[in-house]
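*Asks:* First the structure, which I've put down as structure tokens, then a few questions once you've had a look.
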Amino acid sequence: MKTNYDVVIHDSVGMAYRGDEQKGLGGSEFSTIRLAKALARRGLDVLVQNNLPAGAEWRFGNVDFRSNRERALEVEAKTLILQRYSRIPLNVGFDKMIVQLHDMPDKEPVEYLDTFFNRWPKTTQIVCNSEWQHSLYPAWWGGTVIPCLLPEGVEAAIPHRPGHYVYASAAMKGLERTLEAWELLTTLLPEEAKPHLHVISSWDANQLGRYRILNSSISVYGQLTHEELSRLISSAEGVFYVNRFPETFCVTAAMAERLGTRNHILCENGFGALQEVLTDTTFLTDNDAKFARDFIDNFGKPYTKPESFNDFSVEAGVKRWLELLQ
């Protein structure tokens with residue numbers, strides 16, 4: 001494997017991935033894969049180090065993927081991109097460092113990152129997914145915002161199935177409250193209504209066993225690829241989501257808007273970045289009564305896709321990354 005790269009992406013926080021956007025990954029892993037492959041398509045040499053088993057090496061989309069445990073093999077990079085709260089790898093030499101943040105700030109990792117800006121203020125920069133997320137970090141760090149990269153091909157919408165809704169988030173982010181709301185609100189629909197909720201297993205699929213899902217109007221899926229998820233969201237009438245943890249971006253909601261699928265989202269702990277990400281916030285609310293009314297009043301009705309929406313395409317995102325890497 002090479003020892004000199006334009007960009008080394010180091011991820012010691014996320015799950016193991018090898019570049020094929022396989023099932024069971026979270027949004028940050030998918031976004032990292034898309035970024036790495038997009039940079040490689042534009043001529044950069046890219047290495048991604050993540051939690052693959054020791055000794056694992058892959059080449060996918062002109063990107064090298066390998067285990068972050070191989071510390072004996074030293075590499076040099078023009079730019080090191082740390083994912084989330086990963087520690088600086090001892091085997092990577094670099095000229096400048098970018099910390100790509102996907103999460104909310106926690107005290108310990110923020111204190112760790114703070115040392116970077118004290119030691120290397122001219123060669124360190126943060127990148128956040130949204131302006132809202134960026135506002136949570138120390139202002140003196142500076143930095144910039146580059147939104148998550150949506151999967152390519154989500155523009156190809158297919159006909160919506162009336163009455164079908166999707167929950168496509170980690171279980172911990174609000175599945176229990178979503179199931180409670182679904183079971184209550186569907187009893188208030190007309191007798192002839194045929195509602196169906198599709199629950200998608202995410203990176204914490206092992207937590208689904210905690211939830212008793214006995215309602216025949218609810219189907220639970222295994223972990224999906226982004227192509228499968230795109231088709232399911234596109235075929236649904238809407239997203240149905242009671243959100244308990246503020247989103248720093250929310251790829252699912254952005255995909256739904258792009259595909260012309262309504263976003264019925266009840267935010268119980270603040271809107272996070274959703275007001276920024278979505279162009280149409282008609283059905284985004286922090287009010288239980290409005291969430292119920294919007295769902296019942298619009299059930300089975302067509303939705304008019306916004307004429308314009310935020311451009312979260314790979315093409316738009318990688319352009320901003322290339323400017324940052326110069």
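Quick note on naming: the chains in the structure tokens go A, B, ... in the order shown, residues restart at 1 in each chain, and ligands are numbered from 1 in order of appearance.
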List every residue of stretch 31-235 of chain A that DSSP, applied to the backbone, labels as alpha helix (DSSP H), and write the result as an NGL selection string.
*Replies:* :A and (31-41 or 107-119 or 131-134 or 175-185 or 226-235)
*Asks:* Please provide as a PDB file with N, CA and C atoms, in the first residue's frame all residues within 12 Å of A:Ser308, with the sequence filter that same-chain residues fewer than 5 positions apart are discarded (counting only C-alpha atoms).
*Replies:*
ATOM      1  N   GLU A 257     -37.210  15.100   1.348  1.00  0.00           N
ATOM      2  CA  GLU A 257     -37.593  16.329   0.647  1.00  0.00           C
ATOM      3  C   GLU A 257     -37.192  16.258  -0.817  1.00  0.00           C
ATOM      4  N   ARG A 258     -36.001  15.752  -1.067  1.00  0.00           N
ATOM      5  CA  ARG A 258     -35.523  15.638  -2.448  1.00  0.00           C
ATOM      6  C   ARG A 258     -36.412  14.709  -3.269  1.00  0.00           C
ATOM      7  N   LEU A 259     -36.963  13.694  -2.605  1.00  0.00           N
ATOM      8  CA  LEU A 259     -37.782  12.695  -3.283  1.00  0.00           C
ATOM      9  C   LEU A 259     -39.265  13.059  -3.311  1.00  0.00           C
ATOM     10  N   GLY A 260     -39.614  14.205  -2.733  1.00  0.00           N
ATOM     11  CA  GLY A 260     -41.013  14.624  -2.749  1.00  0.00           C
ATOM     12  C   GLY A 260     -41.871  13.897  -1.741  1.00  0.00           C
ATOM     13  N   LEU A 278     -34.204  21.617   5.947  1.00  0.00           N
ATOM     14  CA  LEU A 278     -35.422  21.501   5.146  1.00  0.00           C
ATOM     15  C   LEU A 278     -35.847  22.838   4.557  1.00  0.00           C
ATOM     16  N   THR A 279     -36.252  22.814   3.308  1.00  0.00           N
ATOM     17  CA  THR A 279     -36.843  23.991   2.679  1.00  0.00           C
ATOM     18  C   THR A 279     -38.302  24.128   3.095  1.00  0.00           C
ATOM     19  N   ASP A 280     -39.024  23.010   3.106  1.00  0.00           N
ATOM     20  CA  ASP A 280     -40.425  22.989   3.508  1.00  0.00           C
ATOM     21  C   ASP A 280     -40.518  22.489   4.950  1.00  0.00           C
TER      22      ASP A 280
END
*Asks:* For atom CA of A:Val166 and atom CA of A:Glu237, determine how far apart the two atoms are, in Å to one decimal place.
*Replies:* 8.4 Å
*Asks:* Which residues are close to A:Asp294, i.e. within 8 Å by only C-alpha atoms, leaving aside same-chain residues fewer than 4 positions away? Reply as a ChimeraX atom specification.
*Replies:* /A:264,283,290,298
*Asks:* Distance atom CA of A:Ile146-atom CA of A:Trp321, one decimal place?
*Replies:*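 Calculated distance between atom CA of A:Ile146 and atom CA of A:Trp321 is 7.6 Å.
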*Asks:* Let me make sure I understand: among A:Ile9, A:Val46, A:Leu52, A:Met255, which one has the smallest atom-to-atom distance to A:Ser230 if we use only C-alpha atoms?
*Replies:* A:Met255
*Asks:* Run DSSP on the backbone of this structure and report the residues of stretch 69-143 of chain A it assigns to strand (DSSP E or B), as a PyMOL selection string.
*Replies:* chain A and resi 75-83+92-100+124-128
*Asks:* Mind checking which residues fall within 10 Å of stretch 192-195 of chain A, counting only C-alpha atoms, ignoring those fewer than 2 positions away in the same chain, and posting them as a list in words?
*Replies:* Pro162, Gly163, His164, Tyr165, Trp182, Thr186, Thr187, Leu188, Leu189, Pro190, Leu197, Ser216, Ser217, Ile218, Phe299 and Gly300 of chain A
*Asks:* Let's have the selection written as a PDB file, in the first residue's frame, with N, CA and C atoms.
*Replies:*
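Final output, saved to part39.pdb:
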ATOM      1  N   PRO A 162     -50.185   5.755  -0.984  1.00  0.00           N
ATOM      2  CA  PRO A 162     -50.966   6.464   0.044  1.00  0.00           C
ATOM      3  C   PRO A 162     -51.034   5.658   1.337  1.00  0.00           C
ATOM      4  N   GLY A 163     -50.836   6.361   2.445  1.00  0.00           N
ATOM      5  CA  GLY A 163     -50.959   5.738   3.749  1.00  0.00           C
ATOM      6  C   GLY A 163     -49.701   5.090   4.278  1.00  0.00           C
ATOM      7  N   HIS A 164     -48.646   5.035   3.474  1.00  0.00           N
ATOM      8  CA  HIS A 164     -47.399   4.405   3.897  1.00  0.00           C
ATOM      9  C   HIS A 164     -46.423   5.463   4.409  1.00  0.00           C
ATOM     10  N   TYR A 165     -45.858   5.195   5.592  1.00  0.00           N
ATOM     11  CA  TYR A 165     -44.918   6.119   6.220  1.00  0.00           C
ATOM     12  C   TYR A 165     -43.658   5.358   6.637  1.00  0.00           C
ATOM     13  N   TRP A 182     -47.723   6.696  16.735  1.00  0.00           N
ATOM     14  CA  TRP A 182     -48.359   5.998  15.616  1.00  0.00           C
ATOM     15  C   TRP A 182     -49.589   5.210  16.091  1.00  0.00           C
ATOM     16  N   THR A 186     -53.189   6.631  14.637  1.00  0.00           N
ATOM     17  CA  THR A 186     -53.871   5.810  13.626  1.00  0.00           C
ATOM     18  C   THR A 186     -55.261   5.383  14.090  1.00  0.00           C
ATOM     19  N   THR A 187     -55.520   5.396  15.399  1.00  0.00           N
ATOM     20  CA  THR A 187     -56.877   5.085  15.875  1.00  0.00           C
ATOM     21  C   THR A 187     -57.832   6.240  15.607  1.00  0.00           C
ATOM     22  N   LEU A 188     -57.296   7.427  15.318  1.00  0.00           N
ATOM     23  CA  LEU A 188     -58.128   8.601  15.063  1.00  0.00           C
ATOM     24  C   LEU A 188     -58.427   8.799  13.582  1.00  0.00           C
ATOM     25  N   LEU A 189     -57.864   7.959  12.735  1.00  0.00           N
ATOM     26  CA  LEU A 189     -58.111   8.046  11.297  1.00  0.00           C
ATOM     27  C   LEU A 189     -59.460   7.431  10.951  1.00  0.00           C
ATOM     28  N   PRO A 190     -60.020   7.763   9.785  1.00  0.00           N
ATOM     29  CA  PRO A 190     -61.270   7.127   9.356  1.00  0.00           C
ATOM     30  C   PRO A 190     -61.140   5.609   9.325  1.00  0.00           C
ATOM     31  N   LEU A 197     -46.678   1.734   8.782  1.00  0.00           N
ATOM     32  CA  LEU A 197     -45.401   2.345   9.147  1.00  0.00           C
ATOM     33  C   LEU A 197     -44.279   1.345   8.916  1.00  0.00           C
ATOM     34  N   SER A 216     -50.232  -4.636  13.768  1.00  0.00           N
ATOM     35  CA  SER A 216     -50.133  -5.209  12.418  1.00  0.00           C
ATOM     36  C   SER A 216     -49.887  -4.159  11.348  1.00  0.00           C
ATOM     37  N   SER A 217     -50.031  -2.867  11.703  1.00  0.00           N
ATOM     38  CA  SER A 217     -49.783  -1.802  10.720  1.00  0.00           C
ATOM     39  C   SER A 217     -48.323  -1.368  10.712  1.00  0.00           C
ATOM     40  N   ILE A 218     -47.473  -2.094  11.433  1.00  0.00           N
ATOM     41  CA  ILE A 218     -46.053  -1.738  11.523  1.00  0.00           C
ATOM     42  C   ILE A 218     -45.199  -2.896  11.008  1.00  0.00           C
ATOM     43  N   PHE A 299     -53.422  12.805   5.829  1.00  0.00           N
ATOM     44  CA  PHE A 299     -53.292  11.376   5.564  1.00  0.00           C
ATOM     45  C   PHE A 299     -53.979  11.012   4.242  1.00  0.00           C
ATOM     46  N   GLY A 300     -53.228  10.321   3.387  1.00  0.00           N
ATOM     47  CA  GLY A 300     -53.775   9.866   2.112  1.00  0.00           C
ATOM     48  C   GLY A 300     -53.808  10.908   1.016  1.00  0.00           C
TER      49      GLY A 300
END
